[in-house]
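K.L.:
File model.pdb below, PDB, C-alpha atoms:
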MODEL        1
ATOM      1  CA  MET R   1      36.533  80.643  95.927  1.00  0.00           C
ATOM      2  CA  ALA R   2      34.082  79.020  98.306  1.00  0.00           C
ATOM      3  CA  ARG R   3      31.793  81.354 100.162  1.00  0.00           C
ATOM      4  CA  PRO R   4      32.682  81.751 103.830  1.00  0.00           C
ATOM      5  CA  GLU R   5      30.274  80.227 106.293  1.00  0.00           C
ATOM      6  CA  PRO R   6      27.768  82.717 107.726  1.00  0.00           C
ATOM      7  CA  ARG R   7      28.681  84.051 111.134  1.00  0.00           C
ATOM      8  CA  THR R   8      26.406  84.852 114.048  1.00  0.00           C
ATOM      9  CA  LEU R   9      26.528  88.467 115.187  1.00  0.00           C
ATOM     10  CA  ALA R  10      24.714  90.254 117.985  1.00  0.00           C
ATOM     11  CA  LEU R  11      23.074  93.653 117.951  1.00  0.00           C
ATOM     12  CA  LEU R  12      25.285  95.912 120.053  1.00  0.00           C
ATOM     13  CA  SER R  13      23.501  99.237 119.589  1.00  0.00           C
ATOM     14  CA  ARG R  14      21.023 101.189 117.483  1.00  0.00           C
ATOM     15  CA  THR R  15      21.441 104.850 116.469  1.00  0.00           C
ATOM     16  CA  GLN R  16      18.915 107.115 114.768  1.00  0.00           C
ATOM     17  CA  VAL R  17      21.279 108.798 112.330  1.00  0.00           C
ATOM     18  CA  THR R  18      18.590 110.909 110.628  1.00  0.00           C
ATOM     19  CA  PRO R  19      14.769 110.717 110.628  1.00  0.00           C
ATOM     20  CA  ASN R  20      14.818 108.047 107.917  1.00  0.00           C
ATOM     21  CA  MET R  21      18.147 106.303 108.559  1.00  0.00           C
ATOM     22  CA  VAL R  22      18.820 103.855 111.373  1.00  0.00           C
ATOM     23  CA  ARG R  23      22.303 102.501 112.125  1.00  0.00           C
ATOM     24  CA  LEU R  24      22.770  99.116 113.722  1.00  0.00           C
ATOM     25  CA  ARG R  25      26.096  98.040 115.155  1.00  0.00           C
ATOM     26  CA  LEU R  26      26.598  94.280 114.974  1.00  0.00           C
ATOM     27  CA  GLY R  27      29.465  92.438 116.590  1.00  0.00           C
ATOM     28  CA  GLY R  28      30.584  89.980 119.209  1.00  0.00           C
ATOM     29  CA  SER R  29      32.640  86.799 119.067  1.00  0.00           C
ATOM     30  CA  GLY R  30      31.316  86.051 115.585  1.00  0.00           C
ATOM     31  CA  MET R  31      33.516  88.848 114.229  1.00  0.00           C
ATOM     32  CA  ALA R  32      36.625  86.697 114.688  1.00  0.00           C
ATOM     33  CA  GLY R  33      38.395  86.525 111.351  1.00  0.00           C
ATOM     34  CA  PHE R  34      36.158  89.093 109.664  1.00  0.00           C
ATOM     35  CA  PRO R  35      38.290  90.712 106.923  1.00  0.00           C
ATOM     36  CA  ALA R  36      39.578  94.160 107.793  1.00  0.00           C
ATOM     37  CA  GLY R  37      38.895  97.034 105.419  1.00  0.00           C
ATOM     38  CA  SER R  38      35.477  95.762 104.343  1.00  0.00           C
ATOM     39  CA  GLN R  39      33.632  99.085 104.698  1.00  0.00           C
ATOM     40  CA  GLY R  40      31.771  99.782 101.479  1.00  0.00           C
ATOM     41  CA  GLY R  41      31.403  96.054 100.843  1.00  0.00           C
ATOM     42  CA  TYR R  42      28.243  94.171 101.689  1.00  0.00           C
ATOM     43  CA  VAL R  43      26.861  91.488 103.944  1.00  0.00           C
ATOM     44  CA  LYS R  44      23.745  89.342 103.657  1.00  0.00           C
ATOM     45  CA  LEU R  45      21.376  89.244 106.616  1.00  0.00           C
ATOM     46  CA  ARG R  46      19.508  85.962 107.032  1.00  0.00           C
ATOM     47  CA  LEU R  47      16.211  87.085 108.486  1.00  0.00           C
ATOM     48  CA  SER R  48      14.509  83.692 108.497  1.00  0.00           C
ATOM     49  CA  ASP R  49      15.699  80.105 108.141  1.00  0.00           C
ATOM     50  CA  GLY R  50      13.035  79.006 105.700  1.00  0.00           C
ATOM     51  CA  ALA R  51      11.265  76.625 108.057  1.00  0.00           C
ATOM     52  CA  GLU R  52       8.680  74.168 106.712  1.00  0.00           C
ATOM     53  CA  GLY R  53       9.916  74.411 103.144  1.00  0.00           C
ATOM     54  CA  ALA R  54       9.704  78.196 102.867  1.00  0.00           C
ATOM     55  CA  LYS R  55      12.551  80.025 101.181  1.00  0.00           C
ATOM     56  CA  PRO R  56      14.942  81.755 103.603  1.00  0.00           C
ATOM     57  CA  VAL R  57      14.572  85.532 103.743  1.00  0.00           C
ATOM     58  CA  VAL R  58      17.914  87.205 102.982  1.00  0.00           C
ATOM     59  CA  ARG R  59      18.617  90.901 102.477  1.00  0.00           C
ATOM     60  CA  THR R  60      21.809  92.673 101.385  1.00  0.00           C
ATOM     61  CA  TYR R  61      23.285  95.731 103.140  1.00  0.00           C
ATOM     62  CA  SER R  62      26.454  97.786 102.717  1.00  0.00           C
ATOM     63  CA  ILE R  63      28.957  98.082 105.545  1.00  0.00           C
ATOM     64  CA  ARG R  64      29.097 101.745 106.528  1.00  0.00           C
ATOM     65  CA  GLN R  65      31.883 101.509 109.102  1.00  0.00           C
ATOM     66  CA  GLN R  66      34.000  98.786 110.625  1.00  0.00           C
ATOM     67  CA  GLY R  67      35.974  98.279 113.799  1.00  0.00           C
ATOM     68  CA  PRO R  68      38.006  95.343 115.114  1.00  0.00           C
ATOM     69  CA  GLU R  69      34.936  93.713 116.674  1.00  0.00           C
ATOM     70  CA  TRP R  70      31.950  95.345 114.969  1.00  0.00           C
ATOM     71  CA  ILE R  71      30.368  96.535 111.741  1.00  0.00           C
ATOM     72  CA  ASP R  72      27.798  99.299 111.241  1.00  0.00           C
ATOM     73  CA  LEU R  73      24.895  98.838 108.833  1.00  0.00           C
ATOM     74  CA  ASP R  74      22.585 101.704 107.856  1.00  0.00           C
ATOM     75  CA  PHE R  75      18.919 101.002 107.099  1.00  0.00           C
ATOM     76  CA  ALA R  76      16.902 103.460 105.013  1.00  0.00           C
ATOM     77  CA  VAL R  77      13.396 103.524 106.495  1.00  0.00           C
ATOM     78  CA  HIS R  78      10.604 104.341 104.079  1.00  0.00           C
ATOM     79  CA  GLY R  79       7.027 103.352 103.448  1.00  0.00           C
ATOM     80  CA  LEU R  80       5.974 103.424 107.095  1.00  0.00           C
ATOM     81  CA  ASP R  81       3.280 106.019 106.422  1.00  0.00           C
ATOM     82  CA  HIS R  82       1.356 103.886 103.947  1.00  0.00           C
ATOM     83  CA  GLU R  83       2.617 100.303 104.030  1.00  0.00           C
ATOM     84  CA  SER R  84       4.480  97.770 106.133  1.00  0.00           C
ATOM     85  CA  PRO R  85       8.278  97.981 106.042  1.00  0.00           C
ATOM     86  CA  GLY R  86      10.298  95.202 104.486  1.00  0.00           C
ATOM     87  CA  PRO R  87      11.615  92.368 106.656  1.00  0.00           C
ATOM     88  CA  ALA R  88      15.082  93.859 107.120  1.00  0.00           C
ATOM     89  CA  VAL R  89      13.794  97.275 108.181  1.00  0.00           C
ATOM     90  CA  GLN R  90      11.251  95.637 110.460  1.00  0.00           C
ATOM     91  CA  TRP R  91      14.022  93.628 112.094  1.00  0.00           C
ATOM     92  CA  ALA R  92      16.167  96.756 112.433  1.00  0.00           C
ATOM     93  CA  LEU R  93      13.315  98.567 114.174  1.00  0.00           C
ATOM     94  CA  ASP R  94      12.310  95.700 116.469  1.00  0.00           C
ATOM     95  CA  ALA R  95      15.595  94.054 117.435  1.00  0.00           C
ATOM     96  CA  GLN R  96      16.968  94.625 120.913  1.00  0.00           C
ATOM     97  CA  PRO R  97      20.599  94.713 122.053  1.00  0.00           C
ATOM     98  CA  GLY R  98      21.783  91.152 122.419  1.00  0.00           C
ATOM     99  CA  ASP R  99      19.531  89.778 119.661  1.00  0.00           C
ATOM    100  CA  ILE R 100      21.491  87.676 117.181  1.00  0.00           C
ATOM    101  CA  ILE R 101      21.376  87.311 113.414  1.00  0.00           C
ATOM    102  CA  SER R 102      23.174  85.173 110.847  1.00  0.00           C
ATOM    103  CA  VAL R 103      25.367  87.267 108.533  1.00  0.00           C
ATOM    104  CA  GLY R 104      26.975  86.143 105.283  1.00  0.00           C
ATOM    105  CA  GLY R 105      29.901  87.752 103.527  1.00  0.00           C
ATOM    106  CA  PRO R 106      31.491  90.185 103.268  1.00  0.00           C
ATOM    107  CA  GLY R 107      31.245  90.795  99.560  1.00  0.00           C
ATOM    108  CA  PRO R 108      33.608  93.177  97.777  1.00  0.00           C
ATOM    109  CA  ALA R 109      33.257  96.933  97.723  1.00  0.00           C
ATOM    110  CA  LYS R 110      32.966  98.941  94.508  1.00  0.00           C
ATOM    111  CA  PRO R 111      35.339 101.846  95.195  1.00  0.00           C
ATOM    112  CA  LEU R 112      36.084 104.823  93.007  1.00  0.00           C
ATOM    113  CA  PRO R 113      39.283 104.399  90.963  1.00  0.00           C
ATOM    114  CA  GLU R 114      42.233 106.680  91.461  1.00  0.00           C
ATOM    115  CA  ASP R 115      43.576 109.383  89.174  1.00  0.00           C
ATOM    116  CA  MET R 116      40.395 110.517  87.460  1.00  0.00           C
ATOM    117  CA  ASP R 117      39.953 114.186  86.552  1.00  0.00           C
ATOM    118  CA  PHE R 118      36.357 114.277  87.740  1.00  0.00           C
ATOM    119  CA  TYR R 119      33.973 112.020  89.681  1.00  0.00           C
ATOM    120  CA  LEU R 120      30.198 111.896  89.400  1.00  0.00           C
ATOM    121  CA  VAL R 121      28.393 109.957  92.117  1.00  0.00           C
ATOM    122  CA  ALA R 122      24.627 109.500  92.274  1.00  0.00           C
ATOM    123  CA  GLY R 123      22.308 107.448  94.441  1.00  0.00           C
ATOM    124  CA  ASP R 124      19.415 107.343  96.877  1.00  0.00           C
ATOM    125  CA  MET R 125      19.395 106.630 100.599  1.00  0.00           C
ATOM    126  CA  THR R 126      19.944 102.906 100.118  1.00  0.00           C
ATOM    127  CA  ALA R 127      23.262 103.755  98.470  1.00  0.00           C
ATOM    128  CA  LEU R 128      24.256 106.454 100.945  1.00  0.00           C
ATOM    129  CA  PRO R 129      26.438 104.121 103.086  1.00  0.00           C
ATOM    130  CA  ALA R 130      28.507 103.036 100.073  1.00  0.00           C
ATOM    131  CA  ILE R 131      28.603 106.583  98.714  1.00  0.00           C
ATOM    132  CA  SER R 132      29.838 107.888 102.057  1.00  0.00           C
ATOM    133  CA  VAL R 133      32.665 105.333 102.196  1.00  0.00           C
ATOM    134  CA  ASN R 134      33.714 106.058  98.616  1.00  0.00           C
ATOM    135  CA  LEU R 135      33.761 109.825  99.049  1.00  0.00           C
ATOM    136  CA  GLU R 136      35.768 109.553 102.261  1.00  0.00           C
ATOM    137  CA  ALA R 137      38.402 107.494 100.425  1.00  0.00           C
ATOM    138  CA  LEU R 138      38.989 110.023  97.650  1.00  0.00           C
ATOM    139  CA  PRO R 139      42.306 111.908  97.682  1.00  0.00           C
ATOM    140  CA  ARG R 140      42.047 115.433  99.013  1.00  0.00           C
ATOM    141  CA  HIS R 141      42.749 116.940  95.581  1.00  0.00           C
ATOM    142  CA  ALA R 142      39.846 115.088  93.909  1.00  0.00           C
ATOM    143  CA  ARG R 143      37.183 117.028  92.022  1.00  0.00           C
ATOM    144  CA  GLY R 144      33.620 115.993  91.375  1.00  0.00           C
ATOM    145  CA  ALA R 145      29.987 116.084  92.394  1.00  0.00           C
ATOM    146  CA  ALA R 146      27.693 113.808  94.367  1.00  0.00           C
ATOM    147  CA  VAL R 147      23.919 113.886  93.860  1.00  0.00           C
ATOM    148  CA  ILE R 148      21.998 112.130  96.616  1.00  0.00           C
ATOM    149  CA  GLU R 149      18.246 111.600  96.899  1.00  0.00           C
ATOM    150  CA  ILE R 150      16.847 111.744 100.435  1.00  0.00           C
ATOM    151  CA  GLN R 151      13.347 111.674 101.885  1.00  0.00           C
ATOM    152  CA  HIS R 152      13.508 114.764 104.073  1.00  0.00           C
ATOM    153  CA  GLU R 153      15.750 117.804 104.471  1.00  0.00           C
ATOM    154  CA  ASP R 154      16.822 116.444 107.847  1.00  0.00           C
ATOM    155  CA  ASP R 155      18.174 113.278 106.205  1.00  0.00           C
ATOM    156  CA  ARG R 156      21.252 115.208 105.087  1.00  0.00           C
ATOM    157  CA  GLN R 157      24.426 113.828 106.634  1.00  0.00           C
ATOM    158  CA  ASP R 158      27.762 115.463 107.331  1.00  0.00           C
ATOM    159  CA  LEU R 159      29.890 113.667 104.760  1.00  0.00           C
ATOM    160  CA  ILE R 160      33.668 113.779 104.659  1.00  0.00           C
ATOM    161  CA  VAL R 161      34.529 114.889 101.132  1.00  0.00           C
ATOM    162  CA  PRO R 162      37.405 116.700  99.421  1.00  0.00           C
ATOM    163  CA  ALA R 163      36.949 120.445  99.053  1.00  0.00           C
ATOM    164  CA  GLY R 164      36.591 120.024  95.291  1.00  0.00           C
ATOM    165  CA  VAL R 165      33.619 117.662  95.522  1.00  0.00           C
ATOM    166  CA  ALA R 166      30.202 119.333  95.747  1.00  0.00           C
ATOM    167  CA  VAL R 167      27.351 117.432  97.406  1.00  0.00           C
ATOM    168  CA  HIS R 168      23.812 118.073  96.186  1.00  0.00           C
ATOM    169  CA  TRP R 169      20.882 116.774  98.246  1.00  0.00           C
ATOM    170  CA  LEU R 170      17.561 116.192  96.475  1.00  0.00           C
ATOM    171  CA  VAL R 171      14.441 115.703  98.592  1.00  0.00           C
ATOM    172  CA  ASN R 172      11.829 113.174  97.474  1.00  0.00           C
ATOM    173  CA  PRO R 173       9.399 112.102 100.208  1.00  0.00           C
ATOM    174  CA  HIS R 174       8.289 109.098  98.160  1.00  0.00           C
ATOM    175  CA  PRO R 175      11.285 106.966  97.117  1.00  0.00           C
ATOM    176  CA  GLY R 176      10.857 105.364  93.718  1.00  0.00           C
ATOM    177  CA  SER R 177       8.212 107.831  92.559  1.00  0.00           C
ATOM    178  CA  ASP R 178      10.512 110.013  90.405  1.00  0.00           C
ATOM    179  CA  PRO R 179      13.128 107.876  88.624  1.00  0.00           C
ATOM    180  CA  ASP R 180      14.477 110.835  86.622  1.00  0.00           C
ATOM    181  CA  LEU R 181      15.190 113.046  89.637  1.00  0.00           C
ATOM    182  CA  LEU R 182      18.902 112.240  89.869  1.00  0.00           C
ATOM    183  CA  LEU R 183      19.377 112.445  86.109  1.00  0.00           C
ATOM    184  CA  ARG R 184      17.741 115.871  85.865  1.00  0.00           C
ATOM    185  CA  LYS R 185      20.169 117.252  88.434  1.00  0.00           C
ATOM    186  CA  LEU R 186      23.186 115.734  86.708  1.00  0.00           C
ATOM    187  CA  ARG R 187      22.125 117.287  83.415  1.00  0.00           C
ATOM    188  CA  GLU R 188      21.752 120.622  85.180  1.00  0.00           C
ATOM    189  CA  LEU R 189      25.304 120.366  86.517  1.00  0.00           C
ATOM    190  CA  GLY R 190      26.705 119.971  83.013  1.00  0.00           C
ATOM    191  CA  TRP R 191      29.796 118.073  81.928  1.00  0.00           C
ATOM    192  CA  GLN R 192      33.450 118.642  82.752  1.00  0.00           C
ATOM    193  CA  ASP R 193      36.432 118.236  80.457  1.00  0.00           C
ATOM    194  CA  GLY R 194      38.868 115.428  81.170  1.00  0.00           C
ATOM    195  CA  GLU R 195      38.511 111.833  82.303  1.00  0.00           C
ATOM    196  CA  THR R 196      35.255 111.376  84.239  1.00  0.00           C
ATOM    197  CA  TYR R 197      34.271 108.334  86.299  1.00  0.00           C
ATOM    198  CA  ALA R 198      30.607 107.828  87.187  1.00  0.00           C
ATOM    199  CA  TRP R 199      29.340 105.694  90.097  1.00  0.00           C
ATOM    200  CA  VAL R 200      25.596 105.097  90.328  1.00  0.00           C
ATOM    201  CA  ALA R 201      23.473 103.017  92.708  1.00  0.00           C
ATOM    202  CA  ALA R 202      19.754 103.569  93.182  1.00  0.00           C
ATOM    203  CA  GLU R 203      16.274 102.214  92.527  1.00  0.00           C
ATOM    204  CA  PHE R 204      16.122 100.109  89.349  1.00  0.00           C
ATOM    205  CA  ALA R 205      14.374 102.598  87.029  1.00  0.00           C
ATOM    206  CA  ALA R 206      16.571 105.477  88.236  1.00  0.00           C
ATOM    207  CA  MET R 207      19.688 103.372  87.663  1.00  0.00           C
ATOM    208  CA  GLN R 208      18.566 102.520  84.127  1.00  0.00           C
ATOM    209  CA  ALA R 209      18.021 106.180  83.267  1.00  0.00           C
ATOM    210  CA  LEU R 210      21.427 107.164  84.624  1.00  0.00           C
ATOM    211  CA  ARG R 211      23.223 104.243  82.998  1.00  0.00           C
ATOM    212  CA  ASP R 212      21.709 105.026  79.617  1.00  0.00           C
ATOM    213  CA  TYR R 213      22.715 108.679  79.964  1.00  0.00           C
ATOM    214  CA  PHE R 214      26.329 107.914  80.827  1.00  0.00           C
ATOM    215  CA  ARG R 215      26.679 105.200  78.189  1.00  0.00           C
ATOM    216  CA  SER R 216      24.748 106.642  75.264  1.00  0.00           C
ATOM    217  CA  GLU R 217      25.173 110.383  75.693  1.00  0.00           C
ATOM    218  CA  ARG R 218      28.511 110.590  77.466  1.00  0.00           C
ATOM    219  CA  GLY R 219      30.219 107.534  76.008  1.00  0.00           C
ATOM    220  CA  LEU R 220      31.436 106.038  79.269  1.00  0.00           C
ATOM    221  CA  GLY R 221      32.510 102.414  79.004  1.00  0.00           C
ATOM    222  CA  PRO R 222      32.788  99.812  81.780  1.00  0.00           C
ATOM    223  CA  ASP R 223      36.183 101.185  82.794  1.00  0.00           C
ATOM    224  CA  ARG R 224      34.622 104.538  83.699  1.00  0.00           C
ATOM    225  CA  LEU R 225      31.122 103.590  84.847  1.00  0.00           C
ATOM    226  CA  TYR R 226      29.706 101.557  87.701  1.00  0.00           C
ATOM    227  CA  ALA R 227      25.898 101.283  87.740  1.00  0.00           C
ATOM    228  CA  SER R 228      23.839  99.060  90.018  1.00  0.00           C
ATOM    229  CA  SER R 229      20.248  98.934  91.207  1.00  0.00           C
ATOM    230  CA  TYR R 230      19.929  98.328  94.945  1.00  0.00           C
ATOM    231  CA  TRP R 231      16.168  97.828  94.865  1.00  0.00           C
ATOM    232  CA  LYS R 232      13.141  97.968  92.586  1.00  0.00           C
ATOM    233  CA  TRP R 233       9.811  99.593  93.317  1.00  0.00           C
ATOM    234  CA  GLY R 234       7.163  96.918  93.943  1.00  0.00           C
ATOM    235  CA  GLU R 235       9.586  93.973  94.145  1.00  0.00           C
ATOM    236  CA  ASP R 236      11.316  92.139  96.968  1.00  0.00           C
ATOM    237  CA  GLU R 237      14.995  91.242  96.822  1.00  0.00           C
ATOM    238  CA  ASP R 238      14.444  87.827  95.253  1.00  0.00           C
ATOM    239  CA  SER R 239      12.386  89.129  92.318  1.00  0.00           C
ATOM    240  CA  HIS R 240      14.661  92.154  92.005  1.00  0.00           C
ATOM    241  CA  ARG R 241      17.635  89.810  91.631  1.00  0.00           C
ATOM    242  CA  VAL R 242      15.923  88.113  88.693  1.00  0.00           C
ATOM    243  CA  THR R 243      15.130  91.493  87.130  1.00  0.00           C
ATOM    244  CA  LYS R 244      18.719  92.662  87.582  1.00  0.00           C
ATOM    245  CA  ARG R 245      20.112  89.543  85.941  1.00  0.00           C
ATOM    246  CA  ALA R 246      17.835  89.903  82.905  1.00  0.00           C
ATOM    247  CA  ASP R 247      18.627  93.609  82.627  1.00  0.00           C
ATOM    248  CA  ALA R 248      22.379  92.993  82.824  1.00  0.00           C
ATOM    249  CA  GLU R 249      22.172  90.412  80.039  1.00  0.00           C
ATOM    250  CA  MET R 250      20.243  92.786  77.794  1.00  0.00           C
ATOM    251  CA  ALA R 251      22.513  95.728  78.550  1.00  0.00           C
ATOM    252  CA  ALA R 252      25.734  93.783  77.947  1.00  0.00           C
TER     253      ALA R 252
ENDMDL
END
Kindly present the structure from the file in structure tokens form.
P.N.:
Amino acid sequence: MARPEPRTLALLSRTQVTPNMVRLRLGGSGMAGFPAGSQGGYVKLRLSDGAEGAKPVVRTYSIRQQGPEWIDLDFAVHGLDHESPGPAVQWALDAQPGDIISVGGPGPAKPLPEDMDFYLVAGDMTALPAISVNLEALPRHARGAAVIEIQHEDDRQDLIVPAGVAVHWLVNPHPGSDPDLLLRKLRELGWQDGETYAWVAAEFAAMQALRDYFRSERGLGPDRLYASSYWKWGEDEDSHRVTKRADAEMAA
């Protein structure tokens, strides 16, 4: 299938969800024909056109919520205390209502499958939008646990989850500095009998540790494990994409 042409969307509003999470609502006439039910999928923000031979700057973000004429994107803000933010976060912080941006997609979501005995979900703040969508979609009788790394206690969000799904928040003020944090908590929680599905999205090294645990120690195959890195410490999205491709080939 050919990729749809990018659409031009306008910034409608900005909301400070938590101290380190900013939500931007994009919409306008460019939303005409945008596929319904795309929450949890992703879009690509074109932050520069690549003038004078430079490569365009494009960043990928999950759709947190969707309405008939808008989508919400959540931006995890980190690094401001010791370095400049990335181009997408900088745009999210600087843009004013009415500013426009070219948006590609949407790409498909990676939802949790139905009819599993137990669900294990793990990720950092970059994955929190997708995690939130997936947990909200679970049937009310679902059982499981979600382990989420945040930067500050106040970055906790009120998630809609079944009563049988426990949410564990782990505070790490320096994202990427402790790639085994999520894995240590999952080991502490132990393992449940029955069919378990694991969904993981985080920084590259954290994802590798979790993927190896679920594959090697718990024997989960592709039908019961989704693992993706959303970013890599010290790399931009272009170099991270190359790293991801090489890692996927080696892990296959």
K.L.:
Find, counting only C-alpha atoms, the residue in R:Arg14, R:Gly40, R:Thr60, R:Pro175 that gets nearest to Leu135 of chain R.
P.N.:
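Looking only at the distances to Leu135 of chain R, the closest residue turns out to be R:Gly40.
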K.L.:
Go through the shown structure with the PyMOL selection byres ((chain R and resi 212-226) around 9) and write out the matching residues as a ChimeraX atom specification.
P.N.:
/R:110,112-113,183,191,195-201,207-211,227-228
K.L.:
In Å, how far is it from atom CA of Pro68 of chain R to atom CA of Glu237 of chain R?
P.N.:
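Spanning atom CA of Pro68 of chain R to atom CA of Glu237 of chain R is a straight-line distance of 29.7 Å.
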K.L.:
Please provide the set of residues having any atom within 8 Å of segment 20-32 of chain R, restricted to only C-alpha atoms, with same-chain residues fewer than 4 positions apart removed, written as a list in words.
P.N.:
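So the residues in contact are Arg7, Thr8, Leu9, Ala10, Leu11, Leu12, Ser13, Arg14, Thr15, Gln16, Pro68, Glu69, Trp70, Ile71, Asp72, Leu73, Asp74, Phe75, Ala76, Val77, His78, Ala92, Gln151, His152 and Asp155 of chain R.
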K.L.:
Tell me which protein, DNA and RNA residues are within 6 Å of Val103 of chain R, counting all atoms listed in the file, leaving out same-chain ones fewer than 5 positions away, and put them as a list in words.
P.N.:
Pro6, Arg7, Lys44 and Leu45 of chain R
K.L.:
How about completing segment 190-207 of chain R with N, CA, C and O atoms and giving it to me as a CSV table (one decimal), in the frame of the given file?
P.N.:
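Final output, saved to rebuild32.csv:
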chain,number,residue,atom,x,y,z
R,190,GLY,N,25.9,119.9,84.2
R,190,GLY,CA,26.7,120.0,83.0
R,190,GLY,C,27.8,118.9,83.0
R,190,GLY,O,27.8,118.0,83.9
R,191,TRP,N,28.7,119.1,82.1
R,191,TRP,CA,29.8,118.1,81.9
R,191,TRP,C,31.2,118.7,82.0
R,191,TRP,O,31.3,119.8,81.4
R,192,GLN,N,32.1,118.1,82.6
R,192,GLN,CA,33.4,118.6,82.8
R,192,GLN,C,34.4,118.0,81.7
R,192,GLN,O,34.2,116.9,81.3
R,193,ASP,N,35.4,118.8,81.3
R,193,ASP,CA,36.4,118.2,80.5
R,193,ASP,C,37.3,117.3,81.2
R,193,ASP,O,37.4,117.3,82.5
R,194,GLY,N,38.0,116.4,80.5
R,194,GLY,CA,38.9,115.4,81.2
R,194,GLY,C,38.2,114.1,81.4
R,194,GLY,O,37.1,113.8,80.9
R,195,GLU,N,39.0,113.2,82.1
R,195,GLU,CA,38.5,111.8,82.3
R,195,GLU,C,37.5,111.8,83.5
R,195,GLU,O,37.9,112.1,84.6
R,196,THR,N,36.3,111.4,83.2
R,196,THR,CA,35.3,111.4,84.2
R,196,THR,C,34.9,109.9,84.6
R,196,THR,O,34.8,109.1,83.7
R,197,TYR,N,34.8,109.6,85.8
R,197,TYR,CA,34.3,108.3,86.3
R,197,TYR,C,32.9,108.6,87.0
R,197,TYR,O,32.8,109.4,87.8
R,198,ALA,N,31.9,107.7,86.6
R,198,ALA,CA,30.6,107.8,87.2
R,198,ALA,C,30.3,106.6,88.0
R,198,ALA,O,30.5,105.5,87.5
R,199,TRP,N,29.7,106.8,89.2
R,199,TRP,CA,29.3,105.7,90.1
R,199,TRP,C,27.9,105.9,90.5
R,199,TRP,O,27.5,107.0,91.0
R,200,VAL,N,27.0,104.9,90.2
R,200,VAL,CA,25.6,105.1,90.3
R,200,VAL,C,25.0,103.9,91.0
R,200,VAL,O,25.3,102.7,90.7
R,201,ALA,N,24.2,104.1,92.1
R,201,ALA,CA,23.5,103.0,92.7
R,201,ALA,C,22.2,103.6,93.2
R,201,ALA,O,22.2,104.6,94.0
R,202,ALA,N,21.1,103.0,92.8
R,202,ALA,CA,19.8,103.6,93.2
R,202,ALA,C,18.7,102.6,92.9
R,202,ALA,O,18.9,101.4,92.6
R,203,GLU,N,17.4,103.0,92.9
R,203,GLU,CA,16.3,102.2,92.5
R,203,GLU,C,16.4,101.8,91.1
R,203,GLU,O,17.0,102.6,90.3
R,204,PHE,N,15.9,100.7,90.7
R,204,PHE,CA,16.1,100.1,89.3
R,204,PHE,C,15.9,101.1,88.2
R,204,PHE,O,16.7,101.3,87.3
R,205,ALA,N,14.7,101.7,88.1
R,205,ALA,CA,14.4,102.6,87.0
R,205,ALA,C,15.3,103.8,87.0
R,205,ALA,O,15.7,104.3,85.9
R,206,ALA,N,15.6,104.3,88.2
R,206,ALA,CA,16.6,105.5,88.2
R,206,ALA,C,18.0,105.1,87.7
R,206,ALA,O,18.6,105.8,87.0
R,207,MET,N,18.4,103.9,88.1
R,207,MET,CA,19.7,103.4,87.7
R,207,MET,C,19.7,103.2,86.2
R,207,MET,O,20.7,103.6,85.5
